[in-house]
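A short write-up of the structure that comes next.
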Amino acid sequence: RMRAAAAVVAVSDALARRLEAAYPALPRPVAVIPPGVAPAAAPMAPADARRRLGLPADGRLLLLVANDPARKGLDTLLDALPALPADLRVAVVGNPAQRPRFAARAHALGVGTRLHFVGPLDPVATAYWACDLLVHPTREDSWAMVVPEAMAHGRPVVVSGAAHCGVSALLHDGVDALLVPNPTDAAALAACIRRLLDDAALRERLVAGGRAFAAAHGWPRVAAAYEALYARLALARPGGDRGGSAADGADAGRVEAPGARVPQASSTPSMTQK
C-alpha cells in the first residue's frame, strides 16, 4: 500500500531510517513530522487527583503510563524501587492484563504495597496531576506521547535515551528531561530518580524545560508541517498549480503516516499512544 504513496511520514528519525531499510521501494527520503501535544488540562491539586484515582495521599508518586508495561520498562522500575526511599510509590496507568505478573514480581522484591494499578484512563490528565514525576524506561518507542504530555502538565520526566525512544532524540539530558541510556539498568534508573528527588533546582529546571518543549510541539505546528508537505507534493505534480493552496493539491498523492495519530479537531487526543 505504501508503495503507491506520494510521500511517507514517520514520527521520528529512528522510525524513518527503519522504514527506509525495511521498504526500499518507499518514496525517499521518508519525511519526519513528530506528533503534537495538546495543552495541559485544567489544573487539579495532587491530593484531589490521587483521591479520584484511589491512590494513597501520603508519600511521593512515580507514574508509568503503558498498555504494555513489559515493553515500557516496568520490570526495571520495580527492580529500582527497593533502592529508593520507602515513601516512594509507583502508579501504573493502562491495560491491566499484565497486572498479576508484575504484582507477583513486586511482592518478591518486597515492594508489593508500593505498586498501584490504576487501569486505563482517557484522558490521562488526572494521573499527571497526581504524580511527582513520570518514569518511562521504555525498551522501544517510535515516539512516546506520554513524555511531552507529562511535560505539558509540569511534571519532570525520566526517559530512555534516543536509541530506545523517538522523542528522546529531541531532548537534552538535564535540560528538559533525564535520559537513561540503558532501559534495563535498574541501578542507573534508580540513580536518576534519586537525583531528581533530592535536587529541587534540577526539578524546577526540568519542569521549565519540559513545558517549553511541549509548547514548541503543539498540534498547530504539526498541521503546518503537513500543509507544507502537501503543498510540495502539489507543486511536484505535473501541471501543478503554483499559485494554489495546499488544500487544492491535497489529492496530488496519498501521504502515509505509519505510527502517527492526529486527533480529530473536535476531540482531545487519547493520551495512551506509544
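In the C-alpha cells, each chain is lettered A, B, ... as it comes, each chain's residues begin at 1, and ligands are numbered from 1 in order of appearance.
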
task: Apply DSSP to the structure's backbone, then extract all residues of region 49-248 of chain A labelled alpha helix (DSSP H) and return them as a PyMOL selection string.
output: chain A and resi 49-53+74-80+99-108+125-130+146-152+186-198+200-216+219-236

Name all residues at most 9 Å from region 178-194 of chain A (count only C-alpha atoms; drop same-chain ones fewer than 6 positions away) and give them as a PyMOL selection string.
-> chain A and resi 72-73+75-81+83-85+133+135-139+156-164+168+171-172+206

Using the selection just defined, write its residues with N, CA and C atoms as a short mmCIF file (atom, residue, chain, number, x, y, z; two decimals), in the first residue's frame.
```cif
data_model
loop_
_atom_site.label_atom_id
_atom_site.label_comp_id
_atom_site.auth_asym_id
_atom_site.auth_seq_id
_atom_site.Cartn_x
_atom_site.Cartn_y
_atom_site.Cartn_z
N LYS A 72 7.45 -1.20 28.21
CA LYS A 72 7.73 0.16 28.68
C LYS A 72 8.58 0.22 29.94
N GLY A 73 9.10 -0.95 30.37
CA GLY A 73 10.13 -0.94 31.41
C GLY A 73 9.68 -1.03 32.84
N ASP A 75 9.41 -3.61 34.66
CA ASP A 75 10.28 -4.52 35.42
C ASP A 75 11.54 -3.80 35.91
N THR A 76 12.12 -2.94 35.08
CA THR A 76 13.30 -2.18 35.51
C THR A 76 12.94 -1.23 36.64
N LEU A 77 11.79 -0.60 36.53
CA LEU A 77 11.37 0.33 37.58
C LEU A 77 11.15 -0.41 38.90
N LEU A 78 10.55 -1.59 38.84
CA LEU A 78 10.35 -2.36 40.07
C LEU A 78 11.69 -2.80 40.65
N ASP A 79 12.63 -3.19 39.79
CA ASP A 79 13.96 -3.57 40.29
C ASP A 79 14.66 -2.40 40.95
N ALA A 80 14.36 -1.18 40.48
CA ALA A 80 15.00 0.01 41.06
C ALA A 80 14.35 0.43 42.36
N LEU A 81 13.09 0.08 42.56
CA LEU A 81 12.31 0.62 43.68
C LEU A 81 12.87 0.28 45.06
N ALA A 83 15.78 0.26 46.08
CA ALA A 83 16.92 1.14 46.37
C ALA A 83 16.50 2.59 46.58
N LEU A 84 15.21 2.87 46.43
CA LEU A 84 14.70 4.23 46.54
C LEU A 84 13.97 4.42 47.87
N PRO A 85 13.75 5.66 48.29
CA PRO A 85 13.10 5.91 49.59
C PRO A 85 11.79 5.15 49.76
N LEU A 133 6.54 12.67 39.34
CA LEU A 133 7.31 12.64 38.10
C LEU A 133 6.92 11.43 37.27
N VAL A 135 8.07 8.36 34.86
CA VAL A 135 9.21 7.49 34.57
C VAL A 135 8.84 6.63 33.37
N HIS A 136 9.68 6.67 32.32
CA HIS A 136 9.37 5.97 31.07
C HIS A 136 10.62 5.25 30.55
N PRO A 137 11.03 4.17 31.24
CA PRO A 137 12.23 3.43 30.81
C PRO A 137 11.91 2.43 29.69
N THR A 138 11.33 2.92 28.61
CA THR A 138 10.85 2.06 27.54
C THR A 138 11.99 1.36 26.80
N ARG A 139 11.71 0.14 26.39
CA ARG A 139 12.68 -0.60 25.58
C ARG A 139 12.58 -0.21 24.11
N PRO A 156 8.33 16.61 35.84
CA PRO A 156 9.65 16.22 35.34
C PRO A 156 9.62 14.77 34.86
N VAL A 157 10.52 14.46 33.92
CA VAL A 157 10.48 13.17 33.23
C VAL A 157 11.85 12.49 33.26
N VAL A 158 11.83 11.19 33.53
CA VAL A 158 12.98 10.31 33.34
C VAL A 158 12.60 9.35 32.22
N VAL A 159 13.41 9.28 31.16
CA VAL A 159 13.02 8.51 29.97
C VAL A 159 14.26 7.86 29.36
N SER A 160 14.05 6.76 28.65
CA SER A 160 15.14 6.10 27.95
C SER A 160 15.77 7.03 26.91
N GLY A 161 17.01 6.76 26.58
CA GLY A 161 17.71 7.56 25.59
C GLY A 161 17.21 7.33 24.18
N ALA A 162 17.80 8.06 23.23
CA ALA A 162 17.32 8.08 21.85
C ALA A 162 17.41 6.73 21.16
N ALA A 163 18.28 5.84 21.60
CA ALA A 163 18.38 4.52 20.98
C ALA A 163 17.13 3.68 21.22
N HIS A 164 16.33 4.07 22.21
CA HIS A 164 15.15 3.29 22.56
C HIS A 164 13.85 4.08 22.48
N SER A 168 13.23 11.13 22.57
CA SER A 168 14.47 11.47 23.27
C SER A 168 15.54 12.03 22.35
N LEU A 171 15.42 15.64 22.92
CA LEU A 171 15.57 16.11 24.29
C LEU A 171 17.04 16.30 24.65
N HIS A 172 17.28 17.07 25.71
CA HIS A 172 18.64 17.33 26.18
C HIS A 172 18.74 16.95 27.65
N LEU A 206 13.96 21.10 34.93
CA LEU A 206 13.32 20.15 34.01
C LEU A 206 11.86 20.52 33.75
#
```

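Here CA of Ala201 (chain A) and CA of Arg51 (chain A) stand 28.2 Å from one another.
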
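Nearest to Leu233 (chain A) of all the residues A:Ala7, A:Leu53, A:Cys131, A:Asp141 is A:Ala7, counting only C-alpha atoms.
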